[in-house]
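Enquirer: Below is the structure I would like to discuss, written out as structure tokens.
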Amino acid sequence: MAKNEKSFEEKLEELELIIKELEEGKTSLDDAIEKYTIAMNLAKECSDKLDNAQKAVNKILNNNNLEEFKELEEEKI
């Protein structure tokens, strides 16, 4: 992660704050549009991060299962 890049948790927290502000309806239209744009970018970044994490976990699980399968096959020989 780059020095200035926010963590997943920080992005999620910022997203939640923006959603709360937008739900209150006390912002101007221009401000609401800007916050909505930021929120959508944060949501995409968080979603991408979760997708990458899921792929990494699946890869680990698949590699472990492959190794276990190989060990079982070797035991049969």
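In the structure tokens, chains take the letters A, B, ... in the order shown, each chain's residues start at 1, and ligands count up from 1 in the order shown.
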Could you pull out the helix (DSSP H, G or I) residues of chain A from DSSP and send them as a PyMOL selection string?

Expert: chain A and resi 8-24+29-76

Enquirer: Need to verify the contact set: stretch 13-23 of chain A, 8 Å, only C-alpha atoms, exclusion of same-chain residues closer than 6 positions in sequence. Can you return it as a PyMOL selection string?

Expert: chain A and resi 32+35-36+39+42-43

Enquirer: When you look at A:Phe8 with a cut-off of 9 Å (counting only C-alpha atoms), what residues show up, excluding the ones that are within fewer than 5 positions of it in the same chain? I need them as a count of residues only.

Expert: 5

Enquirer: Between A:Gly25, A:Ile60, A:Lys11, A:Ile33, single out the one closest to A:Ser47, counting only C-alpha atoms.

Expert: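 Of A:Gly25, A:Ile60, A:Lys11, A:Ile33, the one nearest A:Ser47, counting only C-alpha atoms, is A:Lys11.
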
Enquirer: Do you have the atom CA of A:Ile38-atom CA of A:Asn52 distance handy?

Expert: 21.1 Å
